[in-house]
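Scroll down for the structure; my scribbles are underneath it.
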2 protein chains.
Amino acid sequence: MESVDILIINGRVLTMARDMALIDKGALAVSGDQIVAVGRQEDVVNEYGAARILDACGGIIMPGLVNTHTHAAMTCFRGLADDLPLMTWLQEHIFPAEAKLTPDIVYKGTLLACAEMILSGTTTFCDMYLYEDFVAKAAKHAGVRALVGEVLYDFPSPNYGPVEEGLKYTQTLIDAWRDDPLINIAVEPHSPYLCSPELLGKTKVIADKEGVPIVIHLSESRQEVAQIQDKYGKTPVQHLAGIGFLAPNVVADHCVALSEEDIETLKDYDVKVAHNPESNMKLASGVAPIPKLLDRGITVGIGTDGCASNNNLDMFQEMDTLAKLHKVYSMDPTVLDAKTVVGMATIEGARVLGLDDQIGSLEPGKKADIIIVDTKRPHLVPMYNVYSHLVYAVSGHDVVTAIVDGKVLMEERVLKTLDVNEVMDNVNEIADKILER
Amino acid sequence: MESVDILIINGRVLTMARDMALIDKGALAVSGDQIVAVGRQEDVVNEYGAARILDACGGIIMPGLVNTHTHAAMTCFRGLADDLPLMTWLQEHIFPAEAKLTPDIVYKGTLLACAEMILSGTTTFCDMYLYEDFVAKAAKHAGVRALVGEVLYDFPSPNYGPVEEGLKYTQTLIDAWRDDPLINIAVEPHSPYLCSPELLGKTKVIADKEGVPIVIHLSESRQEVAQIQDKYGKTPVQHLAGIGFLAPNVVADHCVALSEEDIETLKDYDVKVAHNPESNMKLASGVAPIPKLLDRGITVGIGTDGCASNNNLDMFQEMDTLAKLHKVYSMDPTVLDAKTVVGMATIEGARVLGLDDQIGSLEPGKKADIIIVDTKRPHLVPMYNVYSHLVYAVSGHDVVTAIVDGKVLMEERVLKTLDVNEVMDNVNEIADKILER
């Protein structure tokens with residue numbers, strides 16, 4: 001019998017592997033940071049022994065969720081301003097609050113986001129914000145996997161000053177976190193409307209040289225499309241294609257307002273899309289044409305966006321809203337079935353971030369990023385179909401165990417890497433200061 | 001000092017009373033089934049003493065939520081069939097499953113629904129289904145307030161046989177539950193498409209004689225409108241107006257597909273509306289014109305519909321989806337602000353069911369239907385605005401205490417009136433039988 005670090009037993013294993021295997025009475029063996037076996041419980045326990053055994057108690061064992069777009073530290077602004085026109089919200093509330101950002105606020109806000117993400121089953125997130133070295137440090141401290149990048153735009157940043165310094169900051173991030181097991185760095189120009197073609201070109205050079213993703217907001221609203229049309233005579237997607245920016249390593253956040261030609265272009269360049277339905281709904285940005293993108297074979301993941309426009313980071317709730325939104329928007333109850341949506345939140349999300357060789361499914365050789373969902377709860381009884389449950393009935397609150405890179409971050413809903421009260425107290429103090437201004 | 005049964009202290013009291021008072025450090029006194037005092041904690045504890053003190057620990061003390069439309073026993077079919085065209089879903093899955101209904105299944109399914117509702121902060125629900133005497137008995141056993149009525153239609157029912165017997169069954173329900181403190185009875189013809197004008201007329205006679213509400217599905221989809229147009233040459237709303245059916249005691253479920261004239265008609269007759277956004281989305285029925293209804297001053301509450309089309313009974317999630325759906329559908333982020341939505345889930349819901357003299361707000365003289373939301377949780381930190389939190393961040397899982405009619409049904413998330421494991425086991429057994437067919 002081979003000795004491993006952790007055995008997870010007595011659960012329904014949802015692998016999300018290519019064959020979509022679902023193992024009714026399954027088990028997993030984890031050694032170090034890796035999954036070494038996935039299979040029927042009787043087979044796994046015959047072959048492997050471990051000092052630490054986690055009993056799923058009949059629940060669902062599945063890959064941790066991948067949040068492909070957020071601004072983690074914006075937990076500090078959760079509910080600061082809602083139900084407002086976009087420009088009032090941004091200019092009178094969010095921008096003034098962000099002008100007060102410090103590395104300390106970003107670090108503490110990100111720790112709170114990590115606590116929330118672990119508690120709701122997200123094990124990887126992609127972040128765009130300021131002071132991203134501190135986002136990386138917070139994620140590392142919490143034990144959550146992340147793809148992070150400093151936001152770059154033409155005007156000076158409270159962090160690095162002029163954008164040339166921002167490009168250097170990005171290079172420093174890449175060098176500092178190279179080969180880190182949890183933290184990956186991306187190059188992150190904000191958007192076509194805040195970044196000149198020259199800046200976009202420079203970001204692409206770094207990303208290509210370093211072999212890292214480029215993350216950018218793209219076609220989030222009709223207003224953005226009109227603005228870029230005015231300036232460049234093209235849609236944002238065509239503008240980026242025209243300057244040679246689009247490529248398979250581009251993660252395009254939102255993609256709400258797309259023409260048919262834009263969709264073909266995204267497909268041609270194999271651009272990855274991060275869909276943020278709740279944020280797009282709350283800000284009244286519009287409904288991204290996700291069924292069409294999927295029909296064309298474009299890779300789409302799910303994001304929560306930041307807590308000022310959602311206002312939580314619960315990916316299970318995001319899945320539910322996503323599936324329902326597209327059904328009613330297309331007036332077709334068969335679009336975005338539950339299995340597809342669970343795929344978007346796991347393996348497809350990993351693919352969006354270029355991490356699908358490491359995470360997104362439960363397979364031997366992949367990183368041990370695993371969650372357990374407790375299904376012995378009134379709102380999850382009975383269970384006819386596990387995918388349907390995950391999308392339409394489960395909440396992030398039903399996640400009881402979370403493992404990232406082989407390390408148990410939560411067990412029985414108790415966080416192991418974070419002092420939850422301290423994390424909350426710190427952000428409450430920040431909020432008091434934000435209100436004092 | 002006056003002696004009362006329960007003091008609830010140390011919370012932010014959201015009264016939802018006409019003045020919308022929000023008491024930052026507030027307390028409540030409950031005596032018997034009634035609220036006797038609501039106010040600042042120092043005032044309330046100076047005036048009242050109680051053997052039982054519930055500490056809200058800084059959380060939110062608010063009225064229990066009112067679910068204005070559900071089919072509670074359909075918990076038995078939660079996730080049985082999803083992502084299907086409406087007619088396939090109904091005819092190949094739901095109707096065959098419902099053909100097997102028994103009083104025992106309805107009773108046990110309703111108990112499960114009650115467990116789920118108490119755990120997610122719903123203290124009153126309006127139900128339409130078969131064997132409603134057993135729904136009433138289950139709600140009574142669980143301690144949940146309910147407005148229930150036997151579904152009536154032109155064809156024979158598995159419960160009562162021919163519809164004349166259904167009318168008698170309804171009368172029997174009214175007589176049996178008259179003056180019950182928790183259970184109220186409504187007359188419930190299914191819809192204009194399953195009920196002849198003659199049947200609708202008979203239901204109205206009973207409702208008017210007894211002074212009880214009439215609950216009916218109305219204009220749920222374009223298909224229904226087309227069907228009624230074909231048959232009667234009018235929209236469903238105009239058809240009901242034409243036969244003299246509409247009145248202030250009519251609760252119209254869904255109201256998705258309405259003409260401008262229909263909206264005026266609903267206003268003219270002061271018809272109450274139960275809005276079910278998640279069900280309407282999941283079945284791709286459409287988006288009800290709620291901002292227009294509210295602009296016209298029509299009373300609108302929120303419902304979850306049954307668990308086969310949602311698939312849970314979490315009213316907090318329903319509020320979140322509702323607010324976001326209407327923002328994106330109208331492309332206006334200011335519509336259905338958080339305060340309005342919390343009102344719809346509480347006092348307006350009570351008004352829809354004709355129970356606003358008893359419940360829906362925390363005021364002296366009203367029934368003690370109260371919930372406490374724990375806000376010391378990472379996804380609820382910080383808190384700038386309590387209404388925004390309740391709609392956009394809180395989940396039903398954050399409700400820790402529920403009181404109905406002065407009786408504590410849940411404390412620290414432990415159910416007091418139901419054996420939660422037995423309730424779940426019973427429905428799991430039912431599900432096994434449903435699958436055996």
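The chains in the structure tokens are called A, B, ... from first to last as shown; in each chain the residues are counted from 1, and the ligands are counted from 1 in the order shown.
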**OP:** Tell me the residues of chain A close to chain B, meaning within 7 Å using only C-alpha atoms, as a ChimeraX atom specification.
**Re:** /A:76,78-80,83-85,112,115-116,278,281-286,310-312,321,324-325,327-328,331-334,337,378-379,381-385,388-389,392-393,397,424,427-428,431
Spatial neighbours of Ser361 (chain B), 7 Å, only C-alpha atoms, chain gap at least 3 places, as a PDB file with C-alpha atoms, in the first residue's frame:
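Produced file part_3.pdb, reproduced below:
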```pdb
ATOM      1  CA  THR B  15     -38.651  48.001  11.096  1.00  0.00           C
ATOM      2  CA  MET B  16     -40.037  48.279   7.538  1.00  0.00           C
ATOM      3  CA  ALA B  17     -42.766  50.382   9.172  1.00  0.00           C
ATOM      4  CA  PRO B  63     -39.429  41.158   9.715  1.00  0.00           C
ATOM      5  CA  THR B 346     -41.607  42.033   3.630  1.00  0.00           C
ATOM      6  CA  ILE B 347     -44.402  44.583   4.029  1.00  0.00           C
TER       7      ILE B 347
END
```
Original post:
Smallest atom-to-atom distance to Leu54 (chain A): which of A:Ile228, A:Leu28, A:Met128, A:Leu293, using only C-alpha atoms?
Top reply: A:Leu28
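Shortest separation to Leu415 (chain B) among B:Val399, B:Leu353, B:Cys255, B:Val45 occurs at residue B:Val399, atoms counted being only C-alpha atoms.
DSSP, applied to the backbone of this structure, assigns strand (DSSP E or B) to the following residues of region 154-259 of chain A: Ser157, Gly161, Ile183, Asn184, Ile185, Val187, Glu188, Pro189, Ile214, Val215, Ile216, His217, Leu218, Val250, Val251, Ala252, Asp253 and His254 of chain A.
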If you keep N, CA, C and O atoms, can you produce a file of those selected residues as a tab-separated table (two decimals), in the first residue's frame?
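Dumped to selection_32.tsv:
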```tsv
chain	number	residue	atom	x	y	z
A	157	SER	N	-0.69	56.42	-12.00
A	157	SER	CA	-1.33	55.55	-11.03
A	157	SER	C	-0.91	55.96	-9.62
A	157	SER	O	0.23	56.37	-9.42
A	161	GLY	N	2.93	55.75	-10.35
A	161	GLY	CA	3.14	57.02	-11.06
A	161	GLY	C	2.95	56.86	-12.55
A	161	GLY	O	1.95	56.30	-12.99
A	183	ILE	N	1.24	31.69	-7.09
A	183	ILE	CA	1.02	33.00	-7.69
A	183	ILE	C	1.54	33.03	-9.13
A	183	ILE	O	2.70	32.69	-9.39
A	184	ASN	N	0.70	33.45	-10.03
A	184	ASN	CA	1.08	33.65	-11.43
A	184	ASN	C	0.82	35.12	-11.76
A	184	ASN	O	-0.12	35.72	-11.25
A	185	ILE	N	1.66	35.65	-12.64
A	185	ILE	CA	1.54	37.07	-12.97
A	185	ILE	C	1.06	37.24	-14.41
A	185	ILE	O	1.47	36.51	-15.31
A	187	VAL	N	0.07	40.43	-17.47
A	187	VAL	CA	0.21	41.85	-17.85
A	187	VAL	C	-1.22	42.36	-18.04
A	187	VAL	O	-2.02	41.71	-18.72
A	188	GLU	N	-1.55	43.51	-17.41
A	188	GLU	CA	-2.97	43.88	-17.37
A	188	GLU	C	-3.25	45.34	-17.74
A	188	GLU	O	-3.50	46.18	-16.87
A	189	PRO	N	-3.27	45.64	-19.02
A	189	PRO	CA	-3.75	46.95	-19.46
A	189	PRO	C	-5.25	47.04	-19.20
A	189	PRO	O	-5.98	46.09	-19.47
A	214	ILE	N	-2.31	38.14	-20.96
A	214	ILE	CA	-2.68	39.56	-20.90
A	214	ILE	C	-4.16	39.62	-20.54
A	214	ILE	O	-4.98	38.97	-21.18
A	215	VAL	N	-4.47	40.39	-19.51
A	215	VAL	CA	-5.86	40.53	-19.07
A	215	VAL	C	-6.32	41.95	-19.36
A	215	VAL	O	-5.61	42.90	-19.04
A	216	ILE	N	-7.49	42.08	-19.95
A	216	ILE	CA	-8.00	43.41	-20.34
A	216	ILE	C	-9.52	43.44	-20.27
A	216	ILE	O	-10.18	42.45	-20.60
A	217	HIS	N	-10.08	44.56	-19.80
A	217	HIS	CA	-11.52	44.76	-19.93
A	217	HIS	C	-11.82	45.04	-21.40
A	217	HIS	O	-11.13	45.84	-22.02
A	218	LEU	N	-12.89	44.43	-21.93
A	218	LEU	CA	-13.16	44.61	-23.36
A	218	LEU	C	-14.67	44.61	-23.65
A	218	LEU	O	-15.37	43.67	-23.28
A	250	VAL	N	-4.77	36.24	-24.53
A	250	VAL	CA	-5.55	37.39	-24.08
A	250	VAL	C	-6.82	36.92	-23.36
A	250	VAL	O	-7.60	36.14	-23.89
A	251	VAL	N	-6.97	37.41	-22.12
A	251	VAL	CA	-8.20	37.17	-21.35
A	251	VAL	C	-9.02	38.45	-21.43
A	251	VAL	O	-8.61	39.48	-20.89
A	252	ALA	N	-10.16	38.37	-22.10
A	252	ALA	CA	-11.00	39.55	-22.31
A	252	ALA	C	-12.16	39.52	-21.31
A	252	ALA	O	-13.01	38.63	-21.37
A	253	ASP	N	-12.16	40.50	-20.40
A	253	ASP	CA	-13.20	40.53	-19.37
A	253	ASP	C	-14.45	41.22	-19.90
A	253	ASP	O	-14.37	42.31	-20.47
A	254	HIS	N	-15.59	40.62	-19.66
A	254	HIS	CA	-16.93	41.14	-19.97
A	254	HIS	C	-17.42	40.78	-21.38
A	254	HIS	O	-18.33	39.98	-21.52
```
Name the residues of region 48-253 of chain A that fall into alpha helix (DSSP H) according to DSSP on the backbone, using the chain letters and numbers of this document, as a short mmCIF file (atom, residue, chain, number, x, y, z; two decimals) with N, CA and C atoms, in the first residue's frame.
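File written: selection-v8.cif
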```
data_model
loop_
_atom_site.label_atom_id
_atom_site.label_comp_id
_atom_site.auth_asym_id
_atom_site.auth_seq_id
_atom_site.Cartn_x
_atom_site.Cartn_y
_atom_site.Cartn_z
N LEU A 86 -23.98 54.67 -13.70
CA LEU A 86 -22.58 54.23 -13.74
C LEU A 86 -21.60 55.36 -13.43
N MET A 87 -21.78 56.52 -14.05
CA MET A 87 -20.81 57.60 -13.89
C MET A 87 -20.87 58.22 -12.50
N THR A 88 -22.08 58.32 -11.93
CA THR A 88 -22.21 58.80 -10.55
C THR A 88 -21.51 57.83 -9.60
N PHE A 95 -14.13 56.11 -7.43
CA PHE A 95 -12.84 56.77 -7.65
C PHE A 95 -12.34 57.52 -6.41
N PRO A 96 -13.21 58.32 -5.74
CA PRO A 96 -12.72 58.99 -4.52
C PRO A 96 -12.25 57.99 -3.46
N ALA A 97 -12.96 56.89 -3.33
CA ALA A 97 -12.55 55.88 -2.34
C ALA A 97 -11.22 55.26 -2.76
N GLU A 98 -11.07 55.00 -4.06
CA GLU A 98 -9.83 54.37 -4.53
C GLU A 98 -8.64 55.33 -4.44
N PRO A 103 -1.08 50.27 0.09
CA PRO A 103 -0.74 48.84 0.07
C PRO A 103 -1.40 48.09 1.23
N ASP A 104 -1.48 48.73 2.37
CA ASP A 104 -2.09 48.09 3.53
C ASP A 104 -3.57 47.80 3.30
N ILE A 105 -4.29 48.75 2.73
CA ILE A 105 -5.72 48.54 2.44
C ILE A 105 -5.88 47.40 1.43
N VAL A 106 -5.05 47.42 0.39
CA VAL A 106 -5.16 46.38 -0.64
C VAL A 106 -4.85 45.00 -0.04
N TYR A 107 -3.83 44.94 0.80
CA TYR A 107 -3.47 43.66 1.42
C TYR A 107 -4.61 43.14 2.29
N LYS A 108 -5.13 44.01 3.13
CA LYS A 108 -6.19 43.58 4.07
C LYS A 108 -7.50 43.29 3.34
N GLY A 109 -7.81 44.10 2.33
CA GLY A 109 -9.02 43.85 1.54
C GLY A 109 -8.93 42.52 0.80
N THR A 110 -7.73 42.22 0.30
CA THR A 110 -7.56 40.95 -0.41
C THR A 110 -7.63 39.76 0.55
N LEU A 111 -7.11 39.92 1.75
CA LEU A 111 -7.24 38.83 2.73
C LEU A 111 -8.71 38.53 3.00
N LEU A 112 -9.51 39.59 3.13
CA LEU A 112 -10.95 39.39 3.35
C LEU A 112 -11.57 38.67 2.15
N ALA A 113 -11.18 39.08 0.95
CA ALA A 113 -11.69 38.42 -0.26
C ALA A 113 -11.29 36.94 -0.26
N CYS A 114 -10.06 36.67 0.15
CA CYS A 114 -9.60 35.27 0.18
C CYS A 114 -10.41 34.46 1.18
N ALA A 115 -10.68 35.06 2.34
CA ALA A 115 -11.52 34.37 3.33
C ALA A 115 -12.88 34.04 2.71
N GLU A 116 -13.47 35.03 2.07
CA GLU A 116 -14.78 34.83 1.45
C GLU A 116 -14.71 33.78 0.34
N MET A 117 -13.65 33.83 -0.46
CA MET A 117 -13.54 32.88 -1.57
C MET A 117 -13.35 31.46 -1.05
N ILE A 118 -12.48 31.28 -0.08
CA ILE A 118 -12.28 29.94 0.46
C ILE A 118 -13.61 29.41 1.03
N LEU A 119 -14.29 30.27 1.77
CA LEU A 119 -15.56 29.86 2.40
C LEU A 119 -16.64 29.53 1.38
N GLU A 132 -0.57 45.34 -6.81
CA GLU A 132 -0.84 43.90 -6.95
C GLU A 132 0.20 43.03 -6.25
N ASP A 133 1.40 43.58 -5.95
CA ASP A 133 2.35 42.78 -5.19
C ASP A 133 1.72 42.40 -3.84
N PHE A 134 0.90 43.30 -3.33
CA PHE A 134 0.26 43.02 -2.04
C PHE A 134 -0.95 42.09 -2.19
N VAL A 135 -1.55 42.12 -3.35
CA VAL A 135 -2.60 41.12 -3.64
C VAL A 135 -1.95 39.73 -3.66
N ALA A 136 -0.81 39.65 -4.35
CA ALA A 136 -0.10 38.37 -4.43
C ALA A 136 0.30 37.88 -3.05
N LYS A 137 0.83 38.81 -2.24
CA LYS A 137 1.26 38.43 -0.88
C LYS A 137 0.07 37.96 -0.04
N ALA A 138 -1.05 38.63 -0.18
CA ALA A 138 -2.24 38.23 0.59
C ALA A 138 -2.74 36.86 0.14
N ALA A 139 -2.80 36.65 -1.18
CA ALA A 139 -3.25 35.35 -1.70
C ALA A 139 -2.30 34.24 -1.23
N LYS A 140 -1.01 34.54 -1.29
CA LYS A 140 0.00 33.57 -0.85
C LYS A 140 -0.18 33.24 0.63
N HIS A 141 -0.39 34.27 1.44
CA HIS A 141 -0.60 34.06 2.87
C HIS A 141 -1.85 33.21 3.12
N ALA A 142 -2.91 33.50 2.38
CA ALA A 142 -4.16 32.76 2.54
C ALA A 142 -4.07 31.36 1.96
N VAL A 163 3.07 55.61 -16.48
CA VAL A 163 2.84 54.22 -16.90
C VAL A 163 4.14 53.48 -17.23
N GLU A 164 5.20 54.21 -17.63
CA GLU A 164 6.47 53.51 -17.88
C GLU A 164 6.91 52.77 -16.61
N GLU A 165 6.65 53.43 -15.47
CA GLU A 165 6.97 52.77 -14.20
C GLU A 165 6.06 51.57 -13.95
N GLY A 166 4.85 51.68 -14.47
CA GLY A 166 3.92 50.56 -14.34
C GLY A 166 4.39 49.33 -15.10
N LEU A 167 4.95 49.57 -16.26
CA LEU A 167 5.49 48.45 -17.04
C LEU A 167 6.67 47.81 -16.30
N LYS A 168 7.49 48.67 -15.69
CA LYS A 168 8.61 48.14 -14.89
C LYS A 168 8.10 47.36 -13.68
N TYR A 169 7.05 47.92 -13.05
CA TYR A 169 6.45 47.26 -11.88
C TYR A 169 5.96 45.87 -12.27
N THR A 170 5.32 45.79 -13.46
CA THR A 170 4.84 44.51 -13.95
C THR A 170 6.00 43.53 -14.14
N GLN A 171 7.09 44.03 -14.74
CA GLN A 171 8.26 43.17 -14.95
C GLN A 171 8.82 42.70 -13.60
N THR A 172 8.82 43.59 -12.61
CA THR A 172 9.30 43.22 -11.28
C THR A 172 8.42 42.13 -10.66
N LEU A 173 7.11 42.29 -10.85
CA LEU A 173 6.18 41.25 -10.36
C LEU A 173 6.51 39.90 -10.99
N ILE A 174 6.69 39.93 -12.30
CA ILE A 174 6.97 38.68 -13.02
C ILE A 174 8.25 38.03 -12.47
N ASP A 175 9.27 38.85 -12.28
CA ASP A 175 10.54 38.32 -11.78
C ASP A 175 10.42 37.82 -10.35
N ALA A 176 9.70 38.58 -9.53
CA ALA A 176 9.62 38.24 -8.11
C ALA A 176 8.85 36.95 -7.86
N TRP A 177 7.82 36.70 -8.67
CA TRP A 177 6.93 35.56 -8.41
C TRP A 177 7.16 34.40 -9.37
N PRO A 197 -2.93 52.76 -28.11
CA PRO A 197 -2.38 51.64 -28.88
C PRO A 197 -0.90 51.41 -28.55
N GLU A 198 -0.19 52.49 -28.28
CA GLU A 198 1.23 52.37 -27.94
C GLU A 198 1.43 51.58 -26.64
N LEU A 199 0.65 51.95 -25.63
CA LEU A 199 0.74 51.23 -24.35
C LEU A 199 0.35 49.76 -24.54
N LEU A 200 -0.73 49.53 -25.28
CA LEU A 200 -1.17 48.14 -25.50
C LEU A 200 -0.06 47.34 -26.18
N GLY A 201 0.62 47.98 -27.13
CA GLY A 201 1.72 47.30 -27.81
C GLY A 201 2.83 46.92 -26.84
N LYS A 202 3.15 47.83 -25.92
CA LYS A 202 4.22 47.54 -24.95
C LYS A 202 3.83 46.40 -24.00
N THR A 203 2.56 46.37 -23.62
CA THR A 203 2.13 45.29 -22.73
C THR A 203 2.24 43.95 -23.44
N LYS A 204 1.92 43.96 -24.73
CA LYS A 204 1.97 42.71 -25.50
C LYS A 204 3.40 42.19 -25.61
N VAL A 205 4.34 43.13 -25.78
CA VAL A 205 5.75 42.73 -25.88
C VAL A 205 6.20 41.98 -24.61
N ILE A 206 5.83 42.57 -23.46
CA ILE A 206 6.23 41.92 -22.20
C ILE A 206 5.57 40.54 -22.07
N ALA A 207 4.26 40.49 -22.35
CA ALA A 207 3.53 39.23 -22.19
C ALA A 207 4.10 38.15 -23.10
N ASP A 208 4.41 38.52 -24.33
CA ASP A 208 4.94 37.53 -25.28
C ASP A 208 6.34 37.07 -24.87
N LYS A 209 7.18 38.01 -24.45
CA LYS A 209 8.54 37.68 -24.02
C LYS A 209 8.50 36.72 -22.83
N GLU A 210 7.56 36.99 -21.90
CA GLU A 210 7.53 36.22 -20.66
C GLU A 210 6.60 35.00 -20.74
N ARG A 222 -22.22 49.34 -24.15
CA ARG A 222 -22.47 50.04 -25.41
C ARG A 222 -21.74 51.38 -25.43
N GLN A 223 -21.67 52.04 -24.28
CA GLN A 223 -20.99 53.33 -24.19
C GLN A 223 -19.52 53.18 -24.58
N GLU A 224 -18.89 52.11 -24.10
CA GLU A 224 -17.49 51.88 -24.46
C GLU A 224 -17.34 51.70 -25.97
N VAL A 225 -18.24 50.90 -26.54
CA VAL A 225 -18.18 50.67 -27.98
C VAL A 225 -18.31 51.99 -28.74
N ALA A 226 -19.26 52.83 -28.31
CA ALA A 226 -19.47 54.12 -28.99
C ALA A 226 -18.22 55.00 -28.88
N GLN A 227 -17.60 54.99 -27.71
CA GLN A 227 -16.41 55.81 -27.46
C GLN A 227 -15.25 55.37 -28.36
N ILE A 228 -15.04 54.07 -28.46
CA ILE A 228 -13.94 53.56 -29.29
C ILE A 228 -14.25 53.76 -30.77
N GLN A 229 -15.52 53.61 -31.12
CA GLN A 229 -15.95 53.87 -32.51
C GLN A 229 -15.62 55.32 -32.89
N ASP A 230 -15.94 56.22 -31.97
CA ASP A 230 -15.67 57.64 -32.20
C ASP A 230 -14.18 57.89 -32.42
N LYS A 231 -13.38 57.26 -31.60
CA LYS A 231 -11.95 57.56 -31.58
C LYS A 231 -11.19 56.83 -32.68
N TYR A 232 -11.55 55.55 -32.92
CA TYR A 232 -10.77 54.74 -33.86
C TYR A 232 -11.56 54.27 -35.07
N PRO A 236 -14.29 48.01 -30.24
CA PRO A 236 -13.11 47.73 -29.42
C PRO A 236 -12.39 46.44 -29.87
N VAL A 237 -13.16 45.40 -30.20
CA VAL A 237 -12.54 44.14 -30.62
C VAL A 237 -11.78 44.34 -31.94
N GLN A 238 -12.40 45.02 -32.89
CA GLN A 238 -11.73 45.24 -34.19
C GLN A 238 -10.52 46.15 -34.03
N HIS A 239 -10.63 47.11 -33.14
CA HIS A 239 -9.51 48.00 -32.85
C HIS A 239 -8.32 47.17 -32.33
N LEU A 240 -8.57 46.29 -31.37
CA LEU A 240 -7.48 45.46 -30.82
C LEU A 240 -6.92 44.50 -31.87
N ALA A 241 -7.83 43.96 -32.69
CA ALA A 241 -7.35 43.08 -33.78
C ALA A 241 -6.47 43.87 -34.73
N GLY A 242 -6.91 45.10 -35.03
CA GLY A 242 -6.19 45.94 -35.99
C GLY A 242 -4.78 46.29 -35.55
#
```
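Comparing A:Gly149, A:Gly365, A:Pro162, A:Gly297 by their smallest distance to Glu348 (chain A), the closest is A:Gly297 (using only C-alpha atoms).
The space between CA of Val414 (chain A) and CA of Ala72 (chain A) spans 20.8 Å.
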Per residue of region 85-170 of chain A within 7 Å of region 404-412 of chain A, note the shortest atom pair and the distance in Å to one decimal, counting only C-alpha atoms, and order the rows by chain and increasing residue number, as a Markdown table.
```
| residue | atom | partner | partner_atom | distance |
| --- | --- | --- | --- | --- |
| A:Thr123 | CA | A:Val404 | CA | 6.2 |
| A:Gly143 | CA | A:Val404 | CA | 6.8 |
| A:Val144 | CA | A:Val404 | CA | 6.4 |
```
Would you save the residues from that selection as a compact mmCIF listing (two decimals), in the first residue's frame, using N, CA, C and O atoms?
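Here's the written file selection-v3.txt:
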```
# COMPACT_ATOMS: atom_id res chain seq x y z
N THR A 123 -11.00 28.49 -5.39
CA THR A 123 -9.62 28.17 -5.03
C THR A 123 -8.61 28.90 -5.92
O THR A 123 -7.42 28.87 -5.63
N GLY A 143 -3.14 31.17 1.02
CA GLY A 143 -3.00 29.86 0.38
C GLY A 143 -3.86 29.67 -0.85
O GLY A 143 -4.02 28.56 -1.34
N VAL A 144 -4.40 30.77 -1.37
CA VAL A 144 -5.28 30.70 -2.55
C VAL A 144 -4.45 30.91 -3.82
O VAL A 144 -3.54 31.73 -3.85
```
**OP:** Find the residues near region 263-267 of chain A: any atom within 7 Å, counting only C-alpha atoms, skip ones fewer than 5 places away on the same chain, and give them as a PyMOL selection string.
**Re:** chain A and resi 258+293+296+298
Grab the residues selected above and save them as a PDB file, in the first residue's frame with N, CA, C and O atoms.
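Below is the file out_25.pdb, written as the result:
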```pdb
ATOM      1  N   LEU A 258     -20.921  42.945 -28.316  1.00  0.00           N
ATOM      2  CA  LEU A 258     -20.143  42.390 -29.430  1.00  0.00           C
ATOM      3  C   LEU A 258     -20.979  42.339 -30.697  1.00  0.00           C
ATOM      4  O   LEU A 258     -22.162  41.991 -30.658  1.00  0.00           O
ATOM      5  N   LEU A 293     -21.106  32.674 -28.158  1.00  0.00           N
ATOM      6  CA  LEU A 293     -19.665  32.458 -27.996  1.00  0.00           C
ATOM      7  C   LEU A 293     -19.376  30.966 -27.824  1.00  0.00           C
ATOM      8  O   LEU A 293     -18.430  30.428 -28.421  1.00  0.00           O
ATOM      9  N   ARG A 296     -19.695  29.021 -31.012  1.00  0.00           N
ATOM     10  CA  ARG A 296     -18.540  29.206 -31.891  1.00  0.00           C
ATOM     11  C   ARG A 296     -17.296  28.535 -31.349  1.00  0.00           C
ATOM     12  O   ARG A 296     -16.231  28.620 -31.943  1.00  0.00           O
ATOM     13  N   ILE A 298     -15.708  29.291 -28.489  1.00  0.00           N
ATOM     14  CA  ILE A 298     -14.839  30.199 -27.719  1.00  0.00           C
ATOM     15  C   ILE A 298     -14.823  29.756 -26.252  1.00  0.00           C
ATOM     16  O   ILE A 298     -15.848  29.345 -25.706  1.00  0.00           O
TER      17      ILE A 298
END
```
Original post:
What is the CA of Val271 (chain A) to CA of Ala247 (chain A) distance in Å?
Top reply: 5.8 Å
